[in-house]
Amino acid sequence: RRPQSPDGKRPGVMLPLPTRPTLLLTLSVAASIRATPRARLCDARRSKRCCGDGSCTGPETGSSCPEDCPGVTTAQVCNEEPHSDTGGVAVVFGIKHRTASAQECCDACSRHASNHREKPCNSWVFCPLPICWGLDTGWNHTFGECWLKWQADITRPLFGQRGSYSDEFRNKHRAVRGGPPSHVPWTGGVIGGAPWDRSVKWTTGPEGMTSTKGEALTNWRAGHFT
């Protein structure tokens with residue numbers, strides 16, 4: 001099988017299927033993530049240092065409070081949007097390209113842009129969790145994957161997934177690797193594009209993405225979602 005990126009592109013290399021011990025370890029990690037207790041939710045009595053305040057603080061983690069965590073961890077130039085899978089033509093495949101942080105992934109994108117006139121990187125995607133869920137069936141995406149991409153028009157950025165997953169989406173794909181989490185596990189950014197508006201919340205459904213402002217986007221890899 002050929003592994004796919006979060007945006008559905010396939011690299012031109014063949015990788016061996018994971019061994020049974022690797023599969024067991026992957027399932028074990030996934031189970032532990034799902035078993036992590038939820039952080040305290042914000043409510044009428046508590047609006048800070050709680051899950052839903054927009055800040056990844058205190059005991060919150062990407063597993064216990066995916067709404068807030070991991071949050072923005074990169075410099076402003078990276079234009080990071082947590083819980084997003086930015087689209088574009090993959091110019092460096094993350095299966096074999098790993099970085100230690102989202103910032104390093106963004107830096108790698110900038111270096112690529114400096115060294116390539118044709119399709120310079122302007123879109124990056126990083127896996128910040130032990131396992132980053134995806135619909136593709138040939139590969140388990142894991143921590144450190146750094147996908148570098150190119151988008152033709154950064155004023156109209158492309159996304160494959162964004163924000164939270166709708167109940168309909170989660171139900172439709174519940175049989176894929178234990179089902180989708182509550183939110184898109186990836187983080188990424190379109191360098192040079194419009195800054196991320198923290199006040200706008202996005203939801204990814206079977207037919208595309210919608211925002212609390214009434215905006216709608218078609219999944220960039222729409223054919224892969226059907």
# chains A, B, ... in the order shown; residues from 1 in each chain; ligands from 1
$ select_by_dssp --residues "region 10-225 of chain A" --states "strand (DSSP E or B)" --output "VMD selection string"
chain A and resid 41 51 80 to 82 84 to 86 89 to 92 98 123 to 126 131 to 132 141 to 142 145 to 150 159 to 162 164 to 165 183 187 to 190 202 to 205 208 to 211 216 to 217
$ write_last_selection --atoms "C-alpha atoms" --output "short mmCIF file (atom, residue, chain, number, x, y, z; two decimals), in the first residue's frame"
data_model
loop_
_atom_site.label_atom_id
_atom_site.label_comp_id
_atom_site.auth_asym_id
_atom_site.auth_seq_id
_atom_site.Cartn_x
_atom_site.Cartn_y
_atom_site.Cartn_z
CA LEU A 41 -15.21 22.38 31.08
CA CYS A 51 -11.52 23.63 28.79
CA GLU A 80 -0.74 28.62 12.64
CA GLU A 81 -4.34 27.47 12.99
CA PRO A 82 -4.74 24.63 15.51
CA SER A 84 -6.46 22.34 10.75
CA ASP A 85 -5.20 20.30 7.83
CA THR A 86 -4.13 22.90 5.31
CA VAL A 89 0.23 20.13 -3.50
CA ALA A 90 2.63 18.15 -1.32
CA VAL A 91 6.22 19.13 -2.10
CA VAL A 92 7.76 17.25 0.85
CA ARG A 98 9.83 14.59 10.76
CA SER A 123 1.49 25.63 3.50
CA TRP A 124 2.60 23.30 6.29
CA VAL A 125 0.91 20.63 8.42
CA PHE A 126 2.30 19.03 11.60
CA ILE A 131 -1.37 9.52 16.61
CA CYS A 132 -3.10 11.92 14.24
CA HIS A 141 0.10 9.19 11.00
CA THR A 142 2.20 9.77 14.10
CA GLU A 145 5.10 14.20 10.61
CA CYS A 146 5.70 17.48 8.81
CA TRP A 147 4.05 17.92 5.43
CA LEU A 148 5.20 20.80 3.25
CA LYS A 149 2.81 21.96 0.55
CA TRP A 150 2.26 24.63 -2.08
CA PHE A 159 -8.16 23.09 3.78
CA GLY A 160 -8.87 19.39 3.94
CA GLN A 161 -10.22 19.49 7.49
CA ARG A 162 -10.78 22.30 9.95
CA SER A 164 -14.19 20.07 15.10
CA TYR A 165 -15.78 17.05 13.44
CA HIS A 183 -11.40 17.76 16.67
CA THR A 187 -2.09 21.81 13.18
CA GLY A 188 -0.88 23.89 10.29
CA GLY A 189 -0.74 27.24 8.58
CA VAL A 190 -0.71 29.05 5.25
CA TRP A 202 -15.11 25.69 12.10
CA THR A 203 -16.80 22.30 11.81
CA THR A 204 -15.85 19.59 9.33
CA GLY A 205 -18.74 17.49 8.06
CA GLY A 208 -17.33 20.18 3.70
CA MET A 209 -16.56 22.78 6.33
CA THR A 210 -18.78 25.47 7.82
CA SER A 211 -18.02 28.31 10.21
CA ALA A 216 -18.60 27.31 3.78
CA LEU A 217 -15.61 25.51 2.27
#
$ atom_distance --atom1 "CA of Pro120 (chain A)" --atom2 "CA of Asn219 (chain A)"
22.5 Å
$ closest_residue --among "A:Thr73, A:Ser101, A:Thr218, A:Asn140" --to "Leu158 (chain A)" --atoms "only C-alpha atoms"
A:Thr218
$ closest_residue --among "A:Ala102, A:Ala39, A:Val77, A:Cys50" --to "Ser64 (chain A)" --atoms "only C-alpha atoms"
A:Ala39
$ atom_distance --atom1 "CA of Ala175 (chain A)" --atom2 "CA of Trp139 (chain A)"
15.4 Å
$ atom_distance --atom1 "CA of Lys172 (chain A)" --atom2 "CA of Pro206 (chain A)"
7.9 Å
$ closest_residue --among "A:Asn79, A:Asn122, A:Lys213, A:Gly94" --to "Pro195 (chain A)" --atoms "only C-alpha atoms"
A:Asn79
$ closest_residue --among "A:Pro130, A:Gly192, A:Pro180, A:Gly144" --to "Glu104 (chain A)" --atoms "only C-alpha atoms"
A:Gly144
$ select_by_dssp --residues "region 12-222 of chain A" --states "alpha helix (DSSP H)" --output "PDB file with all heavy atoms, in the first residue's frame"
ATOM      1  N   ARG A  20       3.222  -6.639  13.385  1.00  0.00           N
ATOM      2  CA  ARG A  20       2.201  -6.850  14.414  1.00  0.00           C
ATOM      3  C   ARG A  20       2.528  -6.115  15.712  1.00  0.00           C
ATOM      4  O   ARG A  20       1.640  -5.474  16.290  1.00  0.00           O
ATOM      5  CB  ARG A  20       2.042  -8.354  14.683  1.00  0.00           C
ATOM      6  CG  ARG A  20       0.974  -8.656  15.731  1.00  0.00           C
ATOM      7  CD  ARG A  20       0.758 -10.151  15.889  1.00  0.00           C
ATOM      8  NE  ARG A  20      -0.199 -10.434  16.932  1.00  0.00           N
ATOM      9  CZ  ARG A  20      -1.514 -10.361  16.789  1.00  0.00           C
ATOM     10  NH1 ARG A  20      -2.027  -9.967  15.637  1.00  0.00           N
ATOM     11  NH2 ARG A  20      -2.325 -10.637  17.795  1.00  0.00           N
ATOM     12  N   PRO A  21       3.793  -6.153  16.212  1.00  0.00           N
ATOM     13  CA  PRO A  21       4.089  -5.388  17.432  1.00  0.00           C
ATOM     14  C   PRO A  21       3.814  -3.903  17.262  1.00  0.00           C
ATOM     15  O   PRO A  21       3.339  -3.244  18.180  1.00  0.00           O
ATOM     16  CB  PRO A  21       5.590  -5.665  17.658  1.00  0.00           C
ATOM     17  CG  PRO A  21       5.825  -6.979  16.996  1.00  0.00           C
ATOM     18  CD  PRO A  21       4.935  -6.978  15.786  1.00  0.00           C
ATOM     19  N   THR A  22       4.129  -3.346  16.075  1.00  0.00           N
ATOM     20  CA  THR A  22       3.875  -1.926  15.833  1.00  0.00           C
ATOM     21  C   THR A  22       2.389  -1.637  15.864  1.00  0.00           C
ATOM     22  O   THR A  22       1.942  -0.638  16.433  1.00  0.00           O
ATOM     23  CB  THR A  22       4.459  -1.500  14.477  1.00  0.00           C
ATOM     24  OG1 THR A  22       5.866  -1.749  14.473  1.00  0.00           O
ATOM     25  CG2 THR A  22       4.199  -0.018  14.210  1.00  0.00           C
ATOM     26  N   LEU A  23       1.605  -2.523  15.262  1.00  0.00           N
ATOM     27  CA  LEU A  23       0.162  -2.338  15.261  1.00  0.00           C
ATOM     28  C   LEU A  23      -0.391  -2.387  16.674  1.00  0.00           C
ATOM     29  O   LEU A  23      -1.257  -1.593  17.050  1.00  0.00           O
ATOM     30  CB  LEU A  23      -0.509  -3.423  14.402  1.00  0.00           C
ATOM     31  CG  LEU A  23      -0.359  -3.283  12.888  1.00  0.00           C
ATOM     32  CD1 LEU A  23      -0.918  -4.519  12.188  1.00  0.00           C
ATOM     33  CD2 LEU A  23      -1.064  -2.023  12.392  1.00  0.00           C
ATOM     34  N   LEU A  24       0.102  -3.333  17.490  1.00  0.00           N
ATOM     35  CA  LEU A  24      -0.376  -3.463  18.863  1.00  0.00           C
ATOM     36  C   LEU A  24      -0.031  -2.217  19.670  1.00  0.00           C
ATOM     37  O   LEU A  24      -0.830  -1.728  20.470  1.00  0.00           O
ATOM     38  CB  LEU A  24       0.231  -4.703  19.516  1.00  0.00           C
ATOM     39  CG  LEU A  24      -0.254  -6.050  18.954  1.00  0.00           C
ATOM     40  CD1 LEU A  24       0.506  -7.196  19.609  1.00  0.00           C
ATOM     41  CD2 LEU A  24      -1.759  -6.211  19.178  1.00  0.00           C
ATOM     42  N   LEU A  25       1.187  -1.680  19.460  1.00  0.00           N
ATOM     43  CA  LEU A  25       1.594  -0.475  20.171  1.00  0.00           C
ATOM     44  C   LEU A  25       0.729   0.706  19.755  1.00  0.00           C
ATOM     45  O   LEU A  25       0.296   1.494  20.595  1.00  0.00           O
ATOM     46  CB  LEU A  25       3.067  -0.172  19.877  1.00  0.00           C
ATOM     47  CG  LEU A  25       3.622   1.123  20.505  1.00  0.00           C
ATOM     48  CD1 LEU A  25       3.503   1.062  22.010  1.00  0.00           C
ATOM     49  CD2 LEU A  25       5.069   1.347  20.066  1.00  0.00           C
ATOM     50  N   THR A  26       0.451   0.807  18.464  1.00  0.00           N
ATOM     51  CA  THR A  26      -0.393   1.899  17.962  1.00  0.00           C
ATOM     52  C   THR A  26      -1.778   1.840  18.580  1.00  0.00           C
ATOM     53  O   THR A  26      -2.330   2.841  19.023  1.00  0.00           O
ATOM     54  CB  THR A  26      -0.504   1.829  16.427  1.00  0.00           C
ATOM     55  OG1 THR A  26       0.782   1.998  15.860  1.00  0.00           O
ATOM     56  CG2 THR A  26      -1.435   2.905  15.896  1.00  0.00           C
ATOM     57  N   LEU A  27      -2.373   0.630  18.622  1.00  0.00           N
ATOM     58  CA  LEU A  27      -3.695   0.472  19.209  1.00  0.00           C
ATOM     59  C   LEU A  27      -3.679   0.784  20.691  1.00  0.00           C
ATOM     60  O   LEU A  27      -4.625   1.364  21.226  1.00  0.00           O
ATOM     61  CB  LEU A  27      -4.195  -0.963  18.974  1.00  0.00           C
ATOM     62  CG  LEU A  27      -4.494  -1.328  17.513  1.00  0.00           C
ATOM     63  CD1 LEU A  27      -4.813  -2.810  17.409  1.00  0.00           C
ATOM     64  CD2 LEU A  27      -5.651  -0.492  16.978  1.00  0.00           C
ATOM     65  N   SER A  28      -2.577   0.417  21.358  1.00  0.00           N
ATOM     66  CA  SER A  28      -2.470   0.681  22.787  1.00  0.00           C
ATOM     67  C   SER A  28      -2.411   2.176  23.063  1.00  0.00           C
ATOM     68  O   SER A  28      -3.069   2.682  23.972  1.00  0.00           O
ATOM     69  CB  SER A  28      -1.206   0.002  23.347  1.00  0.00           C
ATOM     70  OG  SER A  28      -1.024   0.336  24.704  1.00  0.00           O
ATOM     71  N   VAL A  29      -1.608   2.898  22.274  1.00  0.00           N
ATOM     72  CA  VAL A  29      -1.503   4.344  22.446  1.00  0.00           C
ATOM     73  C   VAL A  29      -2.844   5.007  22.177  1.00  0.00           C
ATOM     74  O   VAL A  29      -3.288   5.890  22.898  1.00  0.00           O
ATOM     75  CB  VAL A  29      -0.418   4.925  21.513  1.00  0.00           C
ATOM     76  CG1 VAL A  29      -0.450   6.451  21.554  1.00  0.00           C
ATOM     77  CG2 VAL A  29       0.953   4.414  21.915  1.00  0.00           C
ATOM     78  N   ALA A  30      -3.510   4.560  21.102  1.00  0.00           N
ATOM     79  CA  ALA A  30      -4.815   5.130  20.749  1.00  0.00           C
ATOM     80  C   ALA A  30      -5.824   4.912  21.874  1.00  0.00           C
ATOM     81  O   ALA A  30      -6.613   5.798  22.202  1.00  0.00           O
ATOM     82  CB  ALA A  30      -5.326   4.516  19.453  1.00  0.00           C
ATOM     83  N   ALA A  31      -5.799   3.725  22.477  1.00  0.00           N
ATOM     84  CA  ALA A  31      -6.731   3.417  23.563  1.00  0.00           C
ATOM     85  C   ALA A  31      -6.460   4.291  24.776  1.00  0.00           C
ATOM     86  O   ALA A  31      -7.391   4.769  25.437  1.00  0.00           O
ATOM     87  CB  ALA A  31      -6.620   1.937  23.939  1.00  0.00           C
ATOM     88  N   SER A  32      -5.178   4.530  25.063  1.00  0.00           N
ATOM     89  CA  SER A  32      -4.848   5.359  26.213  1.00  0.00           C
ATOM     90  C   SER A  32      -5.282   6.795  26.003  1.00  0.00           C
ATOM     91  O   SER A  32      -5.706   7.483  26.935  1.00  0.00           O
ATOM     92  CB  SER A  32      -3.339   5.308  26.500  1.00  0.00           C
ATOM     93  OG  SER A  32      -2.596   5.897  25.446  1.00  0.00           O
ATOM     94  N   ILE A  33      -5.184   7.271  24.734  1.00  0.00           N
ATOM     95  CA  ILE A  33      -5.623   8.627  24.431  1.00  0.00           C
ATOM     96  C   ILE A  33      -7.120   8.755  24.646  1.00  0.00           C
ATOM     97  O   ILE A  33      -7.613   9.699  25.243  1.00  0.00           O
ATOM     98  CB  ILE A  33      -5.252   9.000  22.984  1.00  0.00           C
ATOM     99  CG1 ILE A  33      -3.724   9.120  22.858  1.00  0.00           C
ATOM    100  CG2 ILE A  33      -5.919  10.302  22.565  1.00  0.00           C
ATOM    101  CD1 ILE A  33      -3.251   9.329  21.446  1.00  0.00           C
ATOM    102  N   ARG A  34      -7.884   7.762  24.151  1.00  0.00           N
ATOM    103  CA  ARG A  34      -9.331   7.816  24.291  1.00  0.00           C
ATOM    104  C   ARG A  34      -9.751   7.714  25.752  1.00  0.00           C
ATOM    105  O   ARG A  34     -10.803   8.199  26.144  1.00  0.00           O
ATOM    106  CB  ARG A  34      -9.982   6.699  23.474  1.00  0.00           C
ATOM    107  CG  ARG A  34      -9.922   6.923  21.973  1.00  0.00           C
ATOM    108  CD  ARG A  34     -10.877   5.991  21.262  1.00  0.00           C
ATOM    109  NE  ARG A  34     -10.492   4.601  21.409  1.00  0.00           N
ATOM    110  CZ  ARG A  34      -9.670   3.968  20.576  1.00  0.00           C
ATOM    111  NH1 ARG A  34      -9.149   4.609  19.549  1.00  0.00           N
ATOM    112  NH2 ARG A  34      -9.366   2.697  20.767  1.00  0.00           N
ATOM    113  N   ALA A  35      -8.910   7.063  26.589  1.00  0.00           N
ATOM    114  CA  ALA A  35      -9.263   6.863  27.992  1.00  0.00           C
ATOM    115  C   ALA A  35      -8.882   8.053  28.875  1.00  0.00           C
ATOM    116  O   ALA A  35      -9.214   8.087  30.045  1.00  0.00           O
ATOM    117  CB  ALA A  35      -8.585   5.598  28.526  1.00  0.00           C
ATOM    118  N   ALA A 102       5.982  22.021  15.861  1.00  0.00           N
ATOM    119  CA  ALA A 102       5.296  22.741  14.788  1.00  0.00           C
ATOM    120  C   ALA A 102       6.156  23.889  14.287  1.00  0.00           C
ATOM    121  O   ALA A 102       6.178  24.190  13.088  1.00  0.00           O
ATOM    122  CB  ALA A 102       3.950  23.262  15.304  1.00  0.00           C
ATOM    123  N   GLN A 103       6.889  24.538  15.189  1.00  0.00           N
ATOM    124  CA  GLN A 103       7.755  25.640  14.776  1.00  0.00           C
ATOM    125  C   GLN A 103       8.832  25.157  13.805  1.00  0.00           C
ATOM    126  O   GLN A 103       9.113  25.810  12.791  1.00  0.00           O
ATOM    127  CB  GLN A 103       8.413  26.290  15.998  1.00  0.00           C
ATOM    128  CG  GLN A 103       9.300  27.479  15.664  1.00  0.00           C
ATOM    129  CD  GLN A 103       8.545  28.628  15.034  1.00  0.00           C
ATOM    130  OE1 GLN A 103       7.618  29.158  15.626  1.00  0.00           O
ATOM    131  NE2 GLN A 103       8.935  29.036  13.825  1.00  0.00           N
ATOM    132  N   GLU A 104       9.431  24.007  14.103  1.00  0.00           N
ATOM    133  CA  GLU A 104      10.448  23.468  13.205  1.00  0.00           C
ATOM    134  C   GLU A 104       9.853  23.108  11.851  1.00  0.00           C
ATOM    135  O   GLU A 104      10.506  23.248  10.818  1.00  0.00           O
ATOM    136  CB  GLU A 104      11.115  22.251  13.839  1.00  0.00           C
ATOM    137  CG  GLU A 104      12.029  22.584  15.004  1.00  0.00           C
ATOM    138  CD  GLU A 104      12.815  21.375  15.487  1.00  0.00           C
ATOM    139  OE1 GLU A 104      12.831  20.335  14.770  1.00  0.00           O
ATOM    140  OE2 GLU A 104      13.402  21.463  16.574  1.00  0.00           O
ATOM    141  N   CYS A 105       8.608  22.666  11.854  1.00  0.00           N
ATOM    142  CA  CYS A 105       7.939  22.340  10.595  1.00  0.00           C
ATOM    143  C   CYS A 105       7.722  23.601   9.779  1.00  0.00           C
ATOM    144  O   CYS A 105       7.974  23.640   8.567  1.00  0.00           O
ATOM    145  CB  CYS A 105       6.606  21.650  10.879  1.00  0.00           C
ATOM    146  SG  CYS A 105       5.741  21.056   9.408  1.00  0.00           S
ATOM    147  N   CYS A 106       7.266  24.659  10.431  1.00  0.00           N
ATOM    148  CA  CYS A 106       7.085  25.941   9.766  1.00  0.00           C
ATOM    149  C   CYS A 106       8.411  26.457   9.220  1.00  0.00           C
ATOM    150  O   CYS A 106       8.487  26.958   8.084  1.00  0.00           O
ATOM    151  CB  CYS A 106       6.481  26.945  10.746  1.00  0.00           C
ATOM    152  SG  CYS A 106       6.471  28.650  10.174  1.00  0.00           S
ATOM    153  N   ASP A 107       9.470  26.331  10.010  1.00  0.00           N
ATOM    154  CA  ASP A 107      10.798  26.777   9.568  1.00  0.00           C
ATOM    155  C   ASP A 107      11.255  26.003   8.337  1.00  0.00           C
ATOM    156  O   ASP A 107      11.873  26.564   7.421  1.00  0.00           O
ATOM    157  CB  ASP A 107      11.811  26.603  10.697  1.00  0.00           C
ATOM    158  CG  ASP A 107      11.546  27.534  11.887  1.00  0.00           C
ATOM    159  OD1 ASP A 107      10.823  28.531  11.699  1.00  0.00           O
ATOM    160  OD2 ASP A 107      12.056  27.246  12.983  1.00  0.00           O
ATOM    161  N   ALA A 108      10.939  24.708   8.321  1.00  0.00           N
ATOM    162  CA  ALA A 108      11.305  23.880   7.171  1.00  0.00           C
ATOM    163  C   ALA A 108      10.583  24.352   5.919  1.00  0.00           C
ATOM    164  O   ALA A 108      11.137  24.333   4.813  1.00  0.00           O
ATOM    165  CB  ALA A 108      10.984  22.412   7.454  1.00  0.00           C
ATOM    166  N   CYS A 109       9.336  24.783   6.080  1.00  0.00           N
ATOM    167  CA  CYS A 109       8.562  25.303   4.960  1.00  0.00           C
ATOM    168  C   CYS A 109       9.211  26.574   4.424  1.00  0.00           C
ATOM    169  O   CYS A 109       9.350  26.752   3.200  1.00  0.00           O
ATOM    170  CB  CYS A 109       7.126  25.574   5.407  1.00  0.00           C
ATOM    171  SG  CYS A 109       6.020  26.171   4.104  1.00  0.00           S
ATOM    172  N   SER A 110       9.635  27.463   5.312  1.00  0.00           N
ATOM    173  CA  SER A 110      10.277  28.715   4.905  1.00  0.00           C
ATOM    174  C   SER A 110      11.587  28.453   4.181  1.00  0.00           C
ATOM    175  O   SER A 110      11.905  29.118   3.181  1.00  0.00           O
ATOM    176  CB  SER A 110      10.515  29.605   6.129  1.00  0.00           C
ATOM    177  OG  SER A 110       9.291  29.979   6.729  1.00  0.00           O
ATOM    178  N   ARG A 111      12.357  27.485   4.669  1.00  0.00           N
ATOM    179  CA  ARG A 111      13.624  27.150   4.002  1.00  0.00           C
ATOM    180  C   ARG A 111      13.365  26.597   2.611  1.00  0.00           C
ATOM    181  O   ARG A 111      14.083  26.917   1.652  1.00  0.00           O
ATOM    182  CB  ARG A 111      14.414  26.142   4.838  1.00  0.00           C
ATOM    183  CG  ARG A 111      15.037  26.716   6.096  1.00  0.00           C
ATOM    184  CD  ARG A 111      16.075  25.766   6.674  1.00  0.00           C
ATOM    185  NE  ARG A 111      15.502  24.475   7.033  1.00  0.00           N
ATOM    186  CZ  ARG A 111      14.965  24.209   8.222  1.00  0.00           C
ATOM    187  NH1 ARG A 111      14.908  25.154   9.152  1.00  0.00           N
ATOM    188  NH2 ARG A 111      14.481  23.017   8.494  1.00  0.00           N
ATOM    189  N   HIS A 112      12.354  25.748   2.503  1.00  0.00           N
ATOM    190  CA  HIS A 112      12.012  25.188   1.192  1.00  0.00           C
ATOM    191  C   HIS A 112      11.646  26.307   0.223  1.00  0.00           C
ATOM    192  O   HIS A 112      12.068  26.308  -0.942  1.00  0.00           O
ATOM    193  CB  HIS A 112      10.847  24.214   1.320  1.00  0.00           C
ATOM    194  CG  HIS A 112      10.462  23.543   0.045  1.00  0.00           C
ATOM    195  ND1 HIS A 112       9.656  24.155  -0.905  1.00  0.00           N
ATOM    196  CD2 HIS A 112      10.773  22.313  -0.467  1.00  0.00           C
ATOM    197  CE1 HIS A 112       9.486  23.341  -1.926  1.00  0.00           C
ATOM    198  NE2 HIS A 112      10.152  22.215  -1.683  1.00  0.00           N
ATOM    199  N   ALA A 113      10.874  27.276   0.693  1.00  0.00           N
ATOM    200  CA  ALA A 113      10.469  28.387  -0.166  1.00  0.00           C
ATOM    201  C   ALA A 113      11.671  29.194  -0.641  1.00  0.00           C
ATOM    202  O   ALA A 113      11.696  29.686  -1.778  1.00  0.00           O
ATOM    203  CB  ALA A 113       9.490  29.283   0.586  1.00  0.00           C
ATOM    204  N   SER A 114      12.665  29.320   0.225  1.00  0.00           N
ATOM    205  CA  SER A 114      13.866  30.085  -0.137  1.00  0.00           C
ATOM    206  C   SER A 114      14.704  29.381  -1.184  1.00  0.00           C
ATOM    207  O   SER A 114      15.443  30.029  -1.942  1.00  0.00           O
ATOM    208  CB  SER A 114      14.723  30.334   1.115  1.00  0.00           C
ATOM    209  OG  SER A 114      14.014  31.107   2.069  1.00  0.00           O
ATOM    210  N   ASN A 115      14.589  28.062  -1.253  1.00  0.00           N
ATOM    211  CA  ASN A 115      15.444  27.278  -2.144  1.00  0.00           C
ATOM    212  C   ASN A 115      14.750  26.736  -3.385  1.00  0.00           C
ATOM    213  O   ASN A 115      15.380  26.063  -4.206  1.00  0.00           O
ATOM    214  CB  ASN A 115      16.059  26.104  -1.364  1.00  0.00           C
ATOM    215  CG  ASN A 115      16.962  26.570  -0.237  1.00  0.00           C
ATOM    216  OD1 ASN A 115      17.707  27.533  -0.394  1.00  0.00           O
ATOM    217  ND2 ASN A 115      16.900  25.897   0.901  1.00  0.00           N
ATOM    218  N   ASP A 167     -21.053  15.511  14.387  1.00  0.00           N
ATOM    219  CA  ASP A 167     -21.535  14.199  14.812  1.00  0.00           C
ATOM    220  C   ASP A 167     -21.802  13.306  13.592  1.00  0.00           C
ATOM    221  O   ASP A 167     -21.539  12.093  13.629  1.00  0.00           O
ATOM    222  CB  ASP A 167     -22.817  14.341  15.631  1.00  0.00           C
ATOM    223  CG  ASP A 167     -22.566  14.973  16.990  1.00  0.00           C
ATOM    224  OD1 ASP A 167     -21.404  14.958  17.444  1.00  0.00           O
ATOM    225  OD2 ASP A 167     -23.535  15.481  17.597  1.00  0.00           O
ATOM    226  N   GLU A 168     -22.319  13.899  12.526  1.00  0.00           N
ATOM    227  CA  GLU A 168     -22.594  13.128  11.315  1.00  0.00           C
ATOM    228  C   GLU A 168     -21.313  12.571  10.711  1.00  0.00           C
ATOM    229  O   GLU A 168     -21.259  11.414  10.292  1.00  0.00           O
ATOM    230  CB  GLU A 168     -23.305  14.009  10.285  1.00  0.00           C
ATOM    231  CG  GLU A 168     -23.735  13.259   9.020  1.00  0.00           C
ATOM    232  CD  GLU A 168     -24.402  14.166   8.011  1.00  0.00           C
ATOM    233  OE1 GLU A 168     -24.476  15.391   8.254  1.00  0.00           O
ATOM    234  OE2 GLU A 168     -24.844  13.650   6.968  1.00  0.00           O
ATOM    235  N   PHE A 169     -20.261  13.401  10.703  1.00  0.00           N
ATOM    236  CA  PHE A 169     -18.976  12.962  10.175  1.00  0.00           C
ATOM    237  C   PHE A 169     -18.408  11.830  11.024  1.00  0.00           C
ATOM    238  O   PHE A 169     -17.931  10.813  10.506  1.00  0.00           O
ATOM    239  CB  PHE A 169     -17.998  14.139  10.147  1.00  0.00           C
ATOM    240  CG  PHE A 169     -16.636  13.815   9.581  1.00  0.00           C
ATOM    241  CD1 PHE A 169     -16.353  14.058   8.248  1.00  0.00           C
ATOM    242  CD2 PHE A 169     -15.648  13.274  10.388  1.00  0.00           C
ATOM    243  CE1 PHE A 169     -15.098  13.764   7.722  1.00  0.00           C
ATOM    244  CE2 PHE A 169     -14.391  12.974   9.868  1.00  0.00           C
ATOM    245  CZ  PHE A 169     -14.128  13.220   8.531  1.00  0.00           C
ATOM    246  N   ARG A 170     -18.458  11.991  12.336  1.00  0.00           N
ATOM    247  CA  ARG A 170     -17.892  10.992  13.244  1.00  0.00           C
ATOM    248  C   ARG A 170     -18.651   9.670  13.146  1.00  0.00           C
ATOM    249  O   ARG A 170     -18.049   8.596  13.205  1.00  0.00           O
ATOM    250  CB  ARG A 170     -17.899  11.524  14.674  1.00  0.00           C
ATOM    251  CG  ARG A 170     -17.033  12.764  14.871  1.00  0.00           C
ATOM    252  CD  ARG A 170     -17.048  13.245  16.299  1.00  0.00           C
ATOM    253  NE  ARG A 170     -16.327  12.317  17.166  1.00  0.00           N
ATOM    254  CZ  ARG A 170     -16.341  12.371  18.487  1.00  0.00           C
ATOM    255  NH1 ARG A 170     -17.074  13.293  19.096  1.00  0.00           N
ATOM    256  NH2 ARG A 170     -15.661  11.507  19.208  1.00  0.00           N
ATOM    257  N   ASN A 171     -19.954   9.770  12.989  1.00  0.00           N
ATOM    258  CA  ASN A 171     -20.755   8.552  12.862  1.00  0.00           C
ATOM    259  C   ASN A 171     -20.471   7.839  11.535  1.00  0.00           C
ATOM    260  O   ASN A 171     -20.361   6.611  11.496  1.00  0.00           O
ATOM    261  CB  ASN A 171     -22.236   8.888  12.972  1.00  0.00           C
ATOM    262  CG  ASN A 171     -23.111   7.652  12.918  1.00  0.00           C
ATOM    263  OD1 ASN A 171     -23.029   6.773  13.777  1.00  0.00           O
ATOM    264  ND2 ASN A 171     -23.962   7.563  11.901  1.00  0.00           N
ATOM    265  N   LYS A 172     -20.335   8.619  10.476  1.00  0.00           N
ATOM    266  CA  LYS A 172     -20.093   8.039   9.155  1.00  0.00           C
ATOM    267  C   LYS A 172     -18.776   7.269   9.117  1.00  0.00           C
ATOM    268  O   LYS A 172     -18.671   6.229   8.466  1.00  0.00           O
ATOM    269  CB  LYS A 172     -20.094   9.137   8.099  1.00  0.00           C
ATOM    270  CG  LYS A 172     -19.841   8.626   6.678  1.00  0.00           C
ATOM    271  CD  LYS A 172     -19.919   9.749   5.662  1.00  0.00           C
ATOM    272  CE  LYS A 172     -19.654   9.215   4.246  1.00  0.00           C
ATOM    273  NZ  LYS A 172     -19.736  10.301   3.235  1.00  0.00           N
ATOM    274  N   ALA A 222     -11.995  16.463  -1.446  1.00  0.00           N
ATOM    275  CA  ALA A 222     -13.385  15.997  -1.334  1.00  0.00           C
ATOM    276  C   ALA A 222     -13.572  14.562  -1.793  1.00  0.00           C
ATOM    277  O   ALA A 222     -14.319  13.798  -1.203  1.00  0.00           O
ATOM    278  CB  ALA A 222     -14.309  16.923  -2.130  1.00  0.00           C
TER     279      ALA A 222
END
$ closest_residue --among "A:Glu67, A:Thr61, A:Cys121, A:Gly134" --to "Arg177 (chain A)" --atoms "only C-alpha atoms"
A:Gly134
$ closest_residue --among "A:Pro128, A:Gly54, A:Gly178, A:Gly163" --to "His83 (chain A)" --atoms "only C-alpha atoms"
A:Gly163
$ residues_around --residues "Thr57 (chain A)" --least-positions-apart "6" --cutoff "10 Å" --atoms "only C-alpha atoms" --output "ChimeraX atom specification"
/A:48-51,65,68-71
$ write_last_selection --atoms "C-alpha atoms" --output "short mmCIF file (atom, residue, chain, number, x, y, z; two decimals), in the first residue's frame"
data_model
loop_
_atom_site.label_atom_id
_atom_site.label_comp_id
_atom_site.auth_asym_id
_atom_site.auth_seq_id
_atom_site.Cartn_x
_atom_site.Cartn_y
_atom_site.Cartn_z
CA LYS A 48 -10.70 30.81 32.90
CA ARG A 49 -8.20 27.96 33.21
CA CYS A 50 -10.87 25.55 31.98
CA CYS A 51 -11.52 23.63 28.79
CA CYS A 65 -9.08 19.23 26.06
CA ASP A 68 -7.92 24.42 23.52
CA CYS A 69 -4.82 22.30 23.05
CA PRO A 70 -2.16 22.30 21.83
CA GLY A 71 -2.96 25.90 20.89
#
$ decode --residues "region 176-181 of chain A" --atoms "C-alpha atoms" --output "mmCIF file, in the first residue's frame"
data_model
loop_
_atom_site.group_PDB
_atom_site.id
_atom_site.type_symbol
_atom_site.label_atom_id
_atom_site.label_comp_id
_atom_site.auth_asym_id
_atom_site.auth_seq_id
_atom_site.Cartn_x
_atom_site.Cartn_y
_atom_site.Cartn_z
ATOM 1 C CA VAL A 176 -12.036 3.914 10.612
ATOM 2 C CA ARG A 177 -9.283 3.420 13.205
ATOM 3 C CA GLY A 178 -11.699 3.597 16.111
ATOM 4 C CA GLY A 179 -13.485 6.635 14.722
ATOM 5 C CA PRO A 180 -12.557 10.315 14.457
ATOM 6 C CA PRO A 181 -11.710 12.317 17.590
#
